[in-house]
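To be precise, the following lines are final_6.cif, and they hold mmCIF, C-alpha atoms.
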```cif
data_final
loop_
_atom_site.label_atom_id
_atom_site.label_comp_id
_atom_site.auth_asym_id
_atom_site.auth_seq_id
_atom_site.Cartn_x
_atom_site.Cartn_y
_atom_site.Cartn_z
CA MET A 8 -38.62 33.31 -2.39
CA ASP A 9 -39.28 29.97 -0.60
CA GLU A 10 -36.64 28.09 1.41
CA THR A 11 -35.97 25.55 -1.37
CA THR A 12 -35.31 28.26 -3.93
CA LYS A 13 -33.08 30.16 -1.53
CA SER A 14 -31.04 27.07 -0.71
CA ARG A 15 -30.21 26.60 -4.38
CA THR A 16 -28.77 30.10 -4.66
CA VAL A 17 -26.25 29.76 -1.81
CA PHE A 18 -23.53 27.92 -3.73
CA ALA A 19 -22.75 29.10 -7.25
CA HIS A 20 -20.33 26.31 -8.28
CA PRO A 21 -21.93 22.85 -8.28
CA GLU A 22 -18.66 21.14 -9.21
CA ARG A 23 -16.95 22.18 -5.97
CA HIS A 24 -17.20 20.69 -2.49
CA HIS A 25 -19.63 22.92 -0.60
CA VAL A 26 -18.71 23.93 2.98
CA ALA A 27 -21.28 25.73 5.13
CA VAL A 28 -19.94 27.43 8.26
CA LEU A 29 -22.52 27.86 11.01
CA ALA A 30 -21.77 30.90 13.18
CA ARG A 31 -23.73 32.15 16.18
CA GLN A 32 -23.87 35.29 18.28
CA MET A 33 -20.60 36.05 20.06
CA THR A 34 -18.62 33.99 17.61
CA LEU A 35 -14.82 34.05 17.41
CA PRO A 36 -13.64 35.76 14.20
CA ILE A 37 -10.39 33.78 14.21
CA GLU A 38 -12.34 30.54 13.76
CA LEU A 39 -14.28 31.95 10.81
CA GLY A 40 -11.03 33.05 9.24
CA ILE A 41 -9.41 29.64 9.67
CA VAL A 42 -12.12 27.80 7.76
CA HIS A 43 -12.37 30.30 4.92
CA GLN A 44 -8.63 30.71 4.53
CA LEU A 45 -7.75 27.01 4.49
CA PHE A 46 -10.57 25.63 2.37
CA GLY A 47 -10.38 28.69 0.15
CA GLN A 48 -6.72 28.03 -0.65
CA ALA A 49 -7.23 24.43 -1.84
CA ARG A 50 -6.58 24.20 -5.58
CA GLU A 51 -6.74 21.41 -8.13
CA GLY A 52 -3.32 19.93 -8.80
CA ALA A 53 -1.93 21.58 -5.66
CA SER A 54 -1.17 24.64 -7.79
CA ALA A 55 -1.99 28.30 -7.30
CA ASP A 56 -3.25 28.25 -10.90
CA GLY A 57 -5.55 25.28 -10.30
CA LYS A 58 -9.31 25.53 -10.00
CA PRO A 59 -10.70 26.03 -6.47
CA LEU A 60 -11.82 22.76 -4.94
CA TYR A 61 -14.15 24.18 -2.28
CA GLU A 62 -16.82 26.82 -2.05
CA VAL A 63 -17.41 28.18 1.45
CA ALA A 64 -20.49 30.02 2.71
CA THR A 65 -21.06 31.40 6.20
CA CYS A 66 -24.55 31.17 7.65
CA ALA A 67 -26.28 31.95 10.93
CA LEU A 68 -29.60 31.21 12.60
CA ARG A 69 -30.76 34.40 10.90
CA ALA A 70 -28.99 36.31 8.15
CA GLY A 71 -27.63 39.66 9.28
CA GLU A 72 -25.30 41.11 11.85
CA LEU A 73 -23.55 38.87 14.37
CA ARG A 74 -21.69 40.06 17.44
CA THR A 75 -18.21 38.70 17.97
CA ASP A 76 -15.90 38.47 20.97
CA SER A 77 -14.03 41.49 19.57
CA ASP A 78 -14.90 45.14 18.98
CA PHE A 79 -16.50 44.56 15.58
CA THR A 80 -19.45 42.68 14.15
CA VAL A 81 -19.76 40.27 11.22
CA ASN A 82 -22.44 40.63 8.58
CA VAL A 83 -23.61 37.14 7.60
CA ARG A 84 -25.31 36.88 4.25
CA TYR A 85 -27.10 33.55 4.65
CA GLY A 86 -29.52 32.01 7.07
CA PRO A 87 -29.67 28.30 7.93
CA GLU A 88 -30.89 27.39 4.44
CA ALA A 89 -27.22 27.19 3.41
CA LEU A 90 -26.91 24.03 5.50
CA ALA A 91 -29.29 22.21 3.16
CA GLU A 92 -26.87 22.36 0.23
CA ALA A 93 -23.63 21.68 2.06
CA ASP A 94 -21.39 18.66 1.64
CA THR A 95 -19.62 19.63 4.87
CA VAL A 96 -20.98 21.68 7.77
CA VAL A 97 -18.53 23.25 10.24
CA VAL A 98 -20.05 24.45 13.53
CA MET A 99 -18.19 27.32 15.21
CA SER A 100 -17.96 27.86 18.95
CA ALA A 101 -19.86 30.63 20.74
CA TYR A 102 -19.95 32.11 24.22
CA GLU A 103 -23.32 30.47 24.89
CA ASP A 104 -21.56 27.08 24.96
CA TYR A 105 -19.50 28.16 27.96
CA GLU A 106 -22.65 28.58 30.04
CA GLN A 107 -24.63 25.58 28.78
CA ARG A 108 -26.29 23.77 31.69
CA GLU A 109 -28.71 21.36 29.95
CA PRO A 110 -27.87 18.73 27.27
CA THR A 111 -30.51 20.03 24.87
CA LEU A 112 -30.57 22.32 21.87
CA PRO A 113 -32.39 25.67 21.88
CA ALA A 114 -35.34 25.47 19.47
CA PRO A 115 -33.87 27.90 16.87
CA LEU A 116 -30.63 25.92 16.73
CA ALA A 117 -32.48 22.60 16.45
CA LYS A 118 -34.53 24.05 13.60
CA ALA A 119 -31.37 25.19 11.83
CA LEU A 120 -29.66 21.81 12.14
CA ALA A 121 -32.74 20.13 10.67
CA TYR A 122 -31.72 21.62 7.31
CA ILE A 123 -28.66 19.34 7.19
CA ARG A 124 -29.16 16.48 4.75
CA PRO A 125 -28.48 12.85 5.77
CA GLY A 126 -24.94 11.88 4.82
CA THR A 127 -23.53 15.39 5.19
CA ARG A 128 -20.16 15.52 6.94
CA VAL A 129 -20.39 17.59 10.13
CA ALA A 130 -17.43 19.01 12.06
CA SER A 131 -16.98 21.29 15.05
CA ILE A 132 -14.29 23.66 16.21
CA CYS A 133 -13.67 24.17 19.93
CA THR A 134 -16.95 24.22 21.91
CA GLY A 135 -18.95 23.73 18.74
CA ALA A 136 -18.80 20.10 19.94
CA PHE A 137 -21.45 21.06 22.53
CA VAL A 138 -23.86 21.66 19.64
CA LEU A 139 -23.11 18.33 18.00
CA ALA A 140 -23.47 16.50 21.31
CA SER A 141 -26.74 18.26 22.12
CA ALA A 142 -28.06 17.19 18.72
CA GLY A 143 -27.18 13.55 19.45
CA LEU A 144 -24.61 13.40 16.69
CA LEU A 145 -21.85 12.31 19.07
CA ASP A 146 -23.72 9.61 20.99
CA GLY A 147 -21.50 6.56 21.32
CA ARG A 148 -18.64 8.30 19.54
CA THR A 149 -15.27 9.64 20.61
CA ALA A 150 -15.11 13.44 20.59
CA THR A 151 -13.01 16.30 21.90
CA THR A 152 -13.42 19.94 22.81
CA HIS A 153 -11.35 22.67 24.42
CA TRP A 154 -9.64 21.33 27.54
CA ARG A 155 -11.02 24.19 29.67
CA PHE A 156 -14.58 22.94 29.13
CA ALA A 157 -13.92 19.20 29.21
CA ASP A 158 -15.39 18.65 32.68
CA GLN A 159 -18.54 20.56 31.78
CA PHE A 160 -18.88 18.58 28.55
CA ALA A 161 -18.42 15.25 30.34
CA ARG A 162 -21.15 16.12 32.88
CA LEU A 163 -23.63 17.14 30.21
CA PHE A 164 -22.95 14.33 27.75
CA PRO A 165 -21.99 11.08 29.52
CA GLN A 166 -23.07 9.15 26.42
CA VAL A 167 -20.12 10.65 24.49
CA GLU A 168 -16.63 9.21 24.90
CA LEU A 169 -14.69 12.40 25.58
CA ASP A 170 -10.97 12.49 24.85
CA ALA A 171 -9.89 15.87 26.17
CA ASP A 172 -6.20 15.31 25.43
CA VAL A 173 -6.25 15.21 21.63
CA LEU A 174 -6.26 17.89 18.93
CA TYR A 175 -9.13 16.43 16.92
CA THR A 176 -11.17 13.27 16.36
CA ASP A 177 -12.33 11.76 13.08
CA GLY A 178 -15.43 9.61 13.21
CA GLY A 179 -15.86 9.55 9.44
CA ASP A 180 -18.99 11.65 9.01
CA VAL A 181 -18.63 13.52 12.32
CA LEU A 182 -15.39 15.23 13.40
CA THR A 183 -14.49 17.41 16.38
CA SER A 184 -11.52 19.58 17.29
CA ALA A 185 -10.21 21.33 20.39
CA GLY A 186 -9.30 25.05 20.45
CA CYS A 187 -8.80 27.50 17.58
CA ALA A 188 -5.36 26.25 16.55
CA SER A 189 -6.56 22.67 16.36
CA GLY A 190 -9.31 23.90 14.04
CA THR A 191 -6.49 24.51 11.58
CA ASP A 192 -5.32 20.93 12.04
CA LEU A 193 -8.84 19.61 11.54
CA CYS A 194 -9.42 21.61 8.34
CA LEU A 195 -6.10 20.42 6.88
CA HIS A 196 -7.04 16.87 7.87
CA MET A 197 -10.35 17.14 6.00
CA ILE A 198 -8.64 18.62 2.94
CA ARG A 199 -6.15 15.76 3.02
CA ARG A 200 -9.00 13.25 3.30
CA ASP A 201 -10.85 14.85 0.39
CA PHE A 202 -8.05 15.60 -2.06
CA GLY A 203 -4.83 14.07 -0.75
CA MET A 204 -1.65 15.13 0.94
CA ALA A 205 -0.24 17.19 -1.94
CA VAL A 206 -3.22 19.57 -1.89
CA ALA A 207 -3.23 19.80 1.93
CA ASN A 208 0.51 20.48 2.03
CA ASP A 209 0.15 23.17 -0.62
CA VAL A 210 -2.57 24.86 1.46
CA ALA A 211 -0.32 24.69 4.54
CA ARG A 212 2.63 26.18 2.66
CA ARG A 213 0.64 29.09 1.28
CA THR A 214 -0.95 29.87 4.64
CA VAL A 215 2.37 29.30 6.46
CA VAL A 216 1.14 26.73 8.97
CA PRO A 217 2.49 23.26 9.83
CA PRO A 218 1.24 20.78 7.21
CA HIS A 219 0.13 18.09 9.62
CA ARG A 220 -0.26 17.35 13.29
CA GLU A 221 -1.68 13.99 14.31
CA GLY A 222 -5.12 14.18 15.89
CA GLY A 223 -3.83 12.14 18.81
CA GLN A 224 -1.19 14.70 19.72
CA VAL A 225 -1.89 16.31 23.08
CA GLN A 226 -3.69 19.66 22.85
CA TYR A 227 -2.22 21.13 26.01
CA VAL A 228 1.14 20.51 27.61
CA ARG A 229 1.12 21.78 31.21
CA ARG A 230 4.37 23.69 30.94
CA PRO A 231 5.09 27.33 30.02
CA VAL A 232 6.38 28.06 26.54
CA PRO A 233 10.18 27.87 26.79
CA GLU A 234 12.24 31.02 26.68
CA LEU A 235 13.97 31.78 23.40
CA SER A 236 17.27 30.89 25.01
CA SER A 237 16.04 27.43 26.07
CA PRO A 238 17.49 24.40 24.28
CA SER A 239 15.38 23.03 21.41
CA THR A 240 15.17 19.68 19.66
CA ALA A 241 14.65 21.25 16.23
CA ALA A 242 18.11 20.32 14.96
CA ALA A 243 17.57 16.64 15.78
CA ARG A 244 14.16 16.66 14.11
CA GLY A 245 15.54 18.31 10.99
CA TRP A 246 18.39 15.80 10.89
CA ALA A 247 15.97 12.88 11.19
CA LEU A 248 13.60 14.18 8.51
CA GLU A 249 16.45 14.11 6.00
CA ARG A 250 17.16 10.43 6.80
CA LEU A 251 13.74 8.80 7.20
CA GLY A 252 14.75 5.89 4.99
CA GLU A 253 17.76 5.07 7.15
CA PRO A 254 17.93 3.37 10.56
CA ILE A 255 17.78 6.08 13.24
CA THR A 256 18.40 5.49 16.91
CA LEU A 257 17.52 7.55 19.95
CA ASP A 258 21.23 7.85 20.73
CA GLU A 259 21.88 9.38 17.30
CA MET A 260 19.07 11.90 17.70
CA ALA A 261 20.31 12.93 21.13
CA ALA A 262 23.82 13.31 19.73
CA GLN A 263 22.57 15.97 17.30
CA GLU A 264 21.76 18.12 20.35
CA ALA A 265 24.94 17.13 22.22
CA THR A 266 22.97 15.93 25.23
CA SER A 267 22.13 12.70 27.02
CA VAL A 268 19.31 10.44 25.87
CA ARG A 269 17.43 11.08 29.10
CA ASN A 270 17.65 14.86 28.83
CA PHE A 271 16.87 14.79 25.10
CA THR A 272 13.79 12.61 25.61
CA ARG A 273 12.48 14.90 28.35
CA ARG A 274 13.00 18.03 26.26
CA PHE A 275 11.49 16.37 23.20
CA ARG A 276 8.32 15.36 25.03
CA GLU A 277 7.95 18.83 26.54
CA GLU A 278 8.43 20.50 23.17
CA VAL A 279 6.57 18.14 20.81
CA GLY A 280 4.11 16.36 23.11
CA THR A 281 5.22 12.80 22.35
CA THR A 282 8.33 10.63 22.49
CA PRO A 283 11.09 10.91 19.86
CA MET A 284 10.46 7.43 18.48
CA ASN A 285 6.67 7.90 18.30
CA TRP A 286 7.27 11.15 16.45
CA LEU A 287 9.70 9.40 14.09
CA THR A 288 7.12 6.72 13.28
CA GLN A 289 4.52 9.40 12.55
CA GLN A 290 6.90 11.15 10.14
CA ARG A 291 7.64 7.88 8.37
CA ILE A 292 3.95 7.15 7.94
CA GLU A 293 3.46 10.64 6.52
CA HIS A 294 6.34 10.09 4.10
CA ALA A 295 4.83 6.77 3.04
CA ARG A 296 1.51 8.49 2.38
CA GLU A 297 3.25 11.05 0.20
CA LEU A 298 5.05 8.33 -1.77
CA LEU A 299 1.81 6.40 -2.29
CA GLU A 300 0.10 9.51 -3.60
CA GLU A 301 2.84 10.88 -5.81
CA SER A 302 4.78 7.87 -7.09
CA ASP A 303 4.18 4.47 -8.65
CA LEU A 304 6.56 2.66 -6.31
CA PRO A 305 5.36 -0.77 -5.15
CA VAL A 306 4.37 -1.05 -1.49
CA ASP A 307 7.58 -2.83 -0.49
CA ARG A 308 9.70 -0.01 -1.98
CA VAL A 309 7.49 2.59 -0.28
CA ALA A 310 8.06 0.85 3.04
CA GLU A 311 11.82 0.82 2.45
CA ARG A 312 12.02 4.45 1.35
CA ALA A 313 9.92 5.59 4.32
CA GLY A 314 12.08 3.69 6.80
CA LEU A 315 9.33 1.27 7.80
CA GLY A 316 11.15 -1.83 6.61
CA THR A 317 8.82 -4.32 4.97
CA ALA A 318 5.47 -4.12 3.21
CA ALA A 319 3.93 -6.11 6.08
CA ASN A 320 5.23 -3.57 8.59
CA LEU A 321 3.90 -0.71 6.49
CA ARG A 322 0.47 -2.36 6.30
CA GLN A 323 0.42 -2.81 10.05
CA HIS A 324 1.27 0.85 10.67
CA PHE A 325 -1.34 2.01 8.15
CA HIS A 326 -4.00 -0.16 9.73
CA THR A 327 -3.18 1.16 13.21
CA ALA A 328 -2.83 4.85 12.25
CA LEU A 329 -5.33 5.18 9.39
CA GLY A 330 -7.61 2.17 9.54
CA THR A 331 -6.86 1.24 5.94
CA SER A 332 -4.26 -0.51 3.79
CA PRO A 333 -1.56 1.17 1.65
CA SER A 334 -3.19 -0.08 -1.55
CA ALA A 335 -6.65 1.20 -0.52
CA TYR A 336 -5.12 4.53 0.48
CA ARG A 337 -3.39 4.84 -2.90
CA THR A 338 -6.61 4.04 -4.76
CA VAL A 339 -8.34 6.98 -3.09
CA PHE A 340 -5.53 9.53 -2.94
CA ARG A 341 -2.97 8.86 -5.66
CA GLY A 342 -2.17 11.91 -7.75
CA PRO A 343 -2.72 12.16 -11.50
CA GLY A 344 0.85 11.03 -12.19
CA GLY A 345 0.72 7.98 -9.96
CA ALA A 346 0.30 4.46 -11.33
CA MET A 347 -1.54 1.79 -9.39
CA ALA A 348 1.37 -0.46 -8.53
CA ALA A 349 0.38 -1.57 -5.05
CA ARG A 350 -0.33 -5.23 -4.42
#
```

Whole structure given in structure tokens:
Amino acid sequence: MDETTKSRTVFAHPERHHVAVLARQMTLPIELGIVHQLFGQAREGASADGKPLYEVATCALRAGELRTDSDFTVNVRYGPEALAEADTVVVMSAYEDYEQREPTLPAPLAKALAYIRPGTRVASICTGAFVLASAGLLDGRTATTHWRFADQFARLFPQVELDADVLYTDGGDVLTSAGCASGTDLCLHMIRRDFGMAVANDVARRTVVPPHREGGQVQYVRRPVPELSSPSTAAARGWALERLGEPITLDEMAAQEATSVRNFTRRFREEVGTTPMNWLTQQRIEHARELLEESDLPVDRVAERAGLGTAANLRQHFHTALGTSPSAYRTVFRGPGGAMAAR
């Protein structure tokens, strides 16, 4: 069987979005599980009874047994030919990245990446960004990787604008994420981009993970995880989420925890990684996105319901956070019940 014939047998469902996961020797099983679990849970109509929206296939430089960082191996069915039929390629990390000393690709890896068609979306988890950078896919772009290897990455790839403080970056056709947990955030982000917030939230609910963390959230807060007895800001956050459409002040949020504004702000930043008011704005933008997808409310009513005031203010926040307008966002992501009412 030639390579062209083999590539056509990798994905059995042409109507689905095809995701090829590229794994290498000494891969991390948790990363493989993240991609398969999240994309595999995405269903049409955000319903467990809906048709699967993705088909995922794992491939390697050669089909067969792969070592992992654990006490078991993984048997990979496909070789690099799977990359030729993918709509999205996700590159996993591997121990070889930790020891990379030259900004070039090994010949077998370069040969494998050559299968990827122009226009294919490519993403990396953790140090998989080293592969994308070595291939030149990140030149002139902003990217991230695990904070432990940020200095090494910066030395090897000065042509890449490294942001080592964020969870993930989205450059449109090329995306990168930090450690394993942020791989979850990146996958949910791609699902949300492809099929909207309702589908992504449904995947998050059924896999019991947070539905959304902004890519710009810090990936590592230099403070130990608080003891169970330590004060939390969860009550204030829950209180605010029930009142997004109302004016909310920092004083009111601090009052929910019966503490001073200064102490509340410090605890909030330590726990969440951003300020209370930045977090509140993020939640309001997310609520606005949900309303645009699932309702036919005009933009000015969406802005009011989300607590962002006016349609002009909503447009400004959308442009800053998402690089698009509310009406353009609705055109792409509105659900089947939504009517195009934006102006």

Using Å and a single decimal, report how far atom CA of Asp104 of chain A sits from atom CA of Gln166 of chain A.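 Atom-to-atom, atom CA of Gln166 of chain A and atom CA of Asp104 of chain A are spaced 18.1 Å apart.
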
Give one line per residue of segment 129-189 of chain A that approaches segment 26-48 of chain A to at most 9 Å, naming the two atoms of the closest pair and their distance in Å to one decimal, counting all atoms listed in the file; sort by chain then ascending residue number and deliver it as a Markdown table.
```
| residue | atom | partner | partner_atom | distance |
| --- | --- | --- | --- | --- |
| A:Ile132 | CA | A:Glu38 | CA | 7.6 |
| A:Cys133 | CA | A:Glu38 | CA | 9.0 |
| A:Cys187 | CA | A:Glu38 | CA | 6.0 |
| A:Ala188 | CA | A:Glu38 | CA | 8.7 |
```

Include C-alpha atoms and write out the residues we just selected as a tab-separated table (two decimals), in the frame of the given file.
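Here's the written file result_30.tsv:
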```
chain	number	residue	atom	x	y	z
A	132	ILE	CA	-14.29	23.66	16.21
A	133	CYS	CA	-13.67	24.17	19.93
A	187	CYS	CA	-8.80	27.50	17.58
A	188	ALA	CA	-5.36	26.25	16.55
```

I'd like the contact shell of segment 174-184 of chain A - 10 Å cut-off, all atoms listed in the file, skipping same-chain residues fewer than 2 positions apart - returned as an MDAnalysis selection string. chainID A and resid 95:98 126:137 139 144:145 148:154 169:172 186:194 196:197 200 220:227

Evaluate the PyMOL selection byres ((chain A and resi 257-267) around 7) on the structure here and hand back the selected residues as a VMD selection string. chain A and resid 240 242 to 243 255 to 256 268 to 271

Care to translate the PyMOL selection byres ((chain A and resi 112) around 10) into actual residues of this file, as a ChimeraX atom specification? /A:107,109-111,113-118,120,137-143

Residue selection dump (C-alpha atoms) as a PDB file, in the frame of the given file:
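The file below, out-v1.pdb, is the result:
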```pdb
ATOM      1  CA  GLN A 107     -24.630  25.580  28.780  1.00  0.00           C
ATOM      2  CA  GLU A 109     -28.710  21.360  29.950  1.00  0.00           C
ATOM      3  CA  PRO A 110     -27.870  18.730  27.270  1.00  0.00           C
ATOM      4  CA  THR A 111     -30.510  20.030  24.870  1.00  0.00           C
ATOM      5  CA  PRO A 113     -32.390  25.670  21.880  1.00  0.00           C
ATOM      6  CA  ALA A 114     -35.340  25.470  19.470  1.00  0.00           C
ATOM      7  CA  PRO A 115     -33.870  27.900  16.870  1.00  0.00           C
ATOM      8  CA  LEU A 116     -30.630  25.920  16.730  1.00  0.00           C
ATOM      9  CA  ALA A 117     -32.480  22.600  16.450  1.00  0.00           C
ATOM     10  CA  LYS A 118     -34.530  24.050  13.600  1.00  0.00           C
ATOM     11  CA  LEU A 120     -29.660  21.810  12.140  1.00  0.00           C
ATOM     12  CA  PHE A 137     -21.450  21.060  22.530  1.00  0.00           C
ATOM     13  CA  VAL A 138     -23.860  21.660  19.640  1.00  0.00           C
ATOM     14  CA  LEU A 139     -23.110  18.330  18.000  1.00  0.00           C
ATOM     15  CA  ALA A 140     -23.470  16.500  21.310  1.00  0.00           C
ATOM     16  CA  SER A 141     -26.740  18.260  22.120  1.00  0.00           C
ATOM     17  CA  ALA A 142     -28.060  17.190  18.720  1.00  0.00           C
ATOM     18  CA  GLY A 143     -27.180  13.550  19.450  1.00  0.00           C
TER      19      GLY A 143
END
```

Within 8 Å of Glu51 of chain A, counting only C-alpha atoms, which residues show up once you throw out same-chain ones fewer than 6 positions away? Write them as JSON, numbers by chain, please. {"A": [57, 58, 59, 60, 206]}

Would you mind reading off the distance between atom CA of Phe275 of chain A and atom CA of Glu293 of chain A, one decimal, in Å?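 Distance reported for this atom pair: 19.4 Å.
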